[in-house]
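These notes are about the structure you will find just below.
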Amino acid sequence: MRRVLLGVYLLALLASHVVRWFQIDLDPRPRQQTVMLHEVDGHVTTGRLIGLSYVDSHPGPDDGEETLPVVFLLHGSPAASSFMMALHRELAEDPAIRTITPDLPGFEGSTIDIADYSVEAHARYLGPLMDSLGIDAAHFVGYSMSGGVVLQASDQMPDRVESIVMLSAIGVQELELTGDYLLNHSVHALQLAGLWLLREGVPHFGWMDDVILGVPYARNFYDTDQRPLRGILRAYAGPMLIIHGTDDFLVPVEAALEHRRIVPQSRLELIEGGGHGLVVSAPARMARLITGFIADVERGVAPVRSDAEPARIAAAEPPFDASSLPRATGGQLIALLILIAGATLVSEDLASIGAGLMAARGTIGLEHAMFAAFAGILIGDVGLYLAGRLLGRRIVRMPPFSWMIDERQLARAASWFSDRGGRVIIASRFIPGTRFPTYVAAGTLKAPFWLFLAYFVGASLLWVPIIVGGGMLVGNELLEYYAVYEAYAVWVMIAALVLIYAVVHTLLPLSTHVGRRGMLSRWRRIRHWEFWPPWAFYPPVVAYMLWLAVKQRSLTVFTAANPGIETGGFIGESKIRILEMAADASDDVARFMAVPPYGTDENPGVRTAAALAWMNEEKLSFPVVLKPDVGERGDGVLVAEDAAGIRTH
């Protein structure tokens, strides 16, 4: 039945991909016009043509009329131009301006599948779009994510950007999500991976290509780097209007205040009680603010940097003070706590360390960081217990559990749990690699849930403060030297994560006898090449074989190492035949047998009886080693401690 279901799934997935292959990647909405532009990938074009669709409120003045000022109204992410239409219509009612609202490539009516979804790449489409429409310069309104687009445009083509309106817009990196690029990028990577797996691994026949929270949205955030935007804001010399809601929980109002500080000629309009959706909740008011500002720019009365007040110029000079970061509150705090708790399902330790770093930056309080990490760990580990309880021992044969635990690990963990009970739960919290099998084993043994939960809570109350607090302490030390390492912040943050992870996974285990034995065993496996993984062991062997082939002018020279064995004993050789050839050296070769009838009878009882009879004849006792006749690197090898072990093998 399982194979039938798998076959149906694979056929449906194949059919879904075929349907998607033939779907149109460019589907403009009604009233949209489309221009074909060269695709952008980073700083270059690829040569491929993609479609960019837009709505134009005024196709152009009649002959003899003065050219109207042009306003480009740019949407955020994941919302596309349709989200901006209420504001577009309000702006279109002003006969003194021409409003153009495009779908940026990767969104809605434009080509969806593109090489680069970053704000920098999106900005590079604006120049060619203006060229195709015969527009020399324009005013730009950047909503939400497109705050980054208009800032990049002002850097790429400063002579063509007459003014900027930052409407609920992103900008400086420090006030986006966690405030740290590395942490943000990791979150966006997880989000992208999840959405990509859903899109490519679920038969949806194109439905998921059109959902608003899809891969293009995730790529937009993943591909974007906000770190350059602070420098662009500092360098911008033209007129700027900043509009922001005081209750915006996606882009905090502190971002708008920081933008106003570092752009001394800017004007700030705070909308009391306004959220992130001002373009739909108050389009008429937004239009009045925007058109009034553009009128000032056109009359030459909107201030530029040279007109800025000396006090504001002085206030713009100091570098960003990380200690001034406001703590997240309300919806933003809830979103961050959910983010941390969710990340623990991927890696408890790294998520907890990241929570500590957020606390060090002041983004959230230490108590919030600990609570989120504890809640995520609670959900994940109780989930493992329940999975073991509901699925039993067959869990080791069911993906994705079979990728992380095998029968031997489960049996060993079950033995530990049976012998030591709750002490194993507490110990496993501090010994890397033991949590997963221990909690699954507790479930398969049907340990009392409330007793398990009590032990777990106790272990976590000891563990979470150590790892989250450690992340915060190291983070505080790093922040003191922020100005020194700012240019290398990503690498320093990576080093910090590695350091904390190493301390947790090396020094803590060394404090226990079991941990020290485990570390010693791991070190011995590293020292002896027999235990190296295939990806580390085989490349040097293959390289040496190729070198010998060139040197000796023979592709099969390596088989001469053992000429009496097929393929020189390199692969696929029979262990029984090799041992039989060494029969004259019986004093140097361990006693062996091929379980009869060799290669024909698969009945476990018959084969077990034959093995036990041979052991009795040879006067052998347990343990004995069982291995397949053809195999390598210990695959299928078992040290049997009793007859049950032989039968299982």
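By convention here, the chains of the structure tokens are called A, B, ... in the order presented, each chain's residues are numbered starting at 1, and ligands are numbered starting at 1 in the order presented.
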
### Query
If we count only C-alpha atoms, what is near Ser16 of chain A at a cut-off of 10 Å, once residues fewer than 6 positions away on the same chain are taken out, given as a list in words?
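Within the cut-off, the hits are Leu10, Glu200, Gly201, Val202, Pro203, His204, Phe205, Gly206 and Trp207 of chain A.
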
### Task
Please return as an MDAnalysis selection string: the residues of segment 190-224 of chain A that backbone DSSP assigns to helix (DSSP H, G or I).
chainID A and resid 190:201 207:209 215:223

### Message
Nearest residue to Ile290 of chain A out of A:Gly605, A:Gly470, A:Gly564, A:Gly142, using only C-alpha atoms?
### Response
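Ranked by minimum distance to Ile290 of chain A, first place goes to A:Gly142.
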
### Query
Counting only C-alpha atoms, what is within 10 Å of Ile466 of chain A, bar same-chain residues fewer than 5 positions away, as a ChimeraX atom specification?
/A:352-353,356,370,460-461,471-472,504

### Message
List the spatial neighbours of segment 617-625 of chain A as a list in words - criterion: any atom at most 12 Å away, only C-alpha atoms, same-chain residues fewer than 5 positions off excluded.
### Response
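Final neighbour list, sorted by chain and number: Ala590, Arg591, Phe592, Met593, Ala610, Ala611, Leu612, Gly634, Gly636, Val637, Leu638, Val639, Ala640, Glu641, Asp642, Ala643, Ala644, Gly645, Ile646 and His649 of chain A.
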
Just-selected residues, N, CA and C atoms written as a compact mmCIF listing (two decimals), in the first residue's frame:
```txt
# COMPACT_ATOMS: atom_id res chain seq x y z
N ALA A 590 40.78 -15.61 11.82
CA ALA A 590 39.71 -15.98 12.74
C ALA A 590 38.82 -17.04 12.12
N ARG A 591 38.28 -17.92 12.94
CA ARG A 591 37.38 -18.95 12.43
C ARG A 591 36.12 -18.32 11.85
N PHE A 592 35.65 -18.90 10.76
CA PHE A 592 34.53 -18.29 10.04
C PHE A 592 33.67 -19.37 9.43
N MET A 593 32.47 -18.97 9.02
CA MET A 593 31.58 -19.86 8.28
C MET A 593 30.64 -19.01 7.43
N ALA A 610 21.72 -23.01 12.12
CA ALA A 610 22.98 -23.43 11.51
C ALA A 610 24.16 -22.71 12.15
N ALA A 611 23.99 -21.42 12.40
CA ALA A 611 25.07 -20.65 13.02
C ALA A 611 25.35 -21.14 14.44
N LEU A 612 24.29 -21.42 15.21
CA LEU A 612 24.47 -21.89 16.58
C LEU A 612 25.11 -23.27 16.61
N GLY A 634 31.99 -1.41 7.03
CA GLY A 634 31.18 -1.80 8.17
C GLY A 634 29.69 -1.86 7.91
N GLY A 636 26.27 -3.22 7.42
CA GLY A 636 25.63 -4.49 7.72
C GLY A 636 26.35 -5.34 8.75
N VAL A 637 27.40 -4.82 9.37
CA VAL A 637 28.16 -5.58 10.38
C VAL A 637 27.45 -5.48 11.73
N LEU A 638 27.35 -6.60 12.43
CA LEU A 638 26.70 -6.62 13.74
C LEU A 638 27.51 -7.48 14.70
N VAL A 639 27.73 -6.99 15.90
CA VAL A 639 28.32 -7.80 16.97
C VAL A 639 27.16 -8.37 17.77
N ALA A 640 26.90 -9.67 17.59
CA ALA A 640 25.76 -10.32 18.24
C ALA A 640 26.16 -10.78 19.64
N GLU A 641 25.37 -10.38 20.62
CA GLU A 641 25.64 -10.75 22.01
C GLU A 641 24.92 -12.02 22.41
N ASP A 642 23.93 -12.44 21.60
CA ASP A 642 23.17 -13.65 21.93
C ASP A 642 22.51 -14.16 20.66
N ALA A 643 21.76 -15.26 20.79
CA ALA A 643 21.11 -15.87 19.64
C ALA A 643 20.08 -14.94 19.01
N ALA A 644 19.43 -14.11 19.84
CA ALA A 644 18.45 -13.16 19.30
C ALA A 644 19.12 -12.18 18.34
N GLY A 645 20.35 -11.79 18.65
CA GLY A 645 21.08 -10.89 17.76
C GLY A 645 21.34 -11.53 16.42
N ILE A 646 21.70 -12.82 16.43
CA ILE A 646 21.93 -13.54 15.16
C ILE A 646 20.64 -13.59 14.35
N HIS A 649 19.80 -10.23 12.78
CA HIS A 649 20.67 -9.88 11.66
C HIS A 649 20.27 -10.66 10.42
```
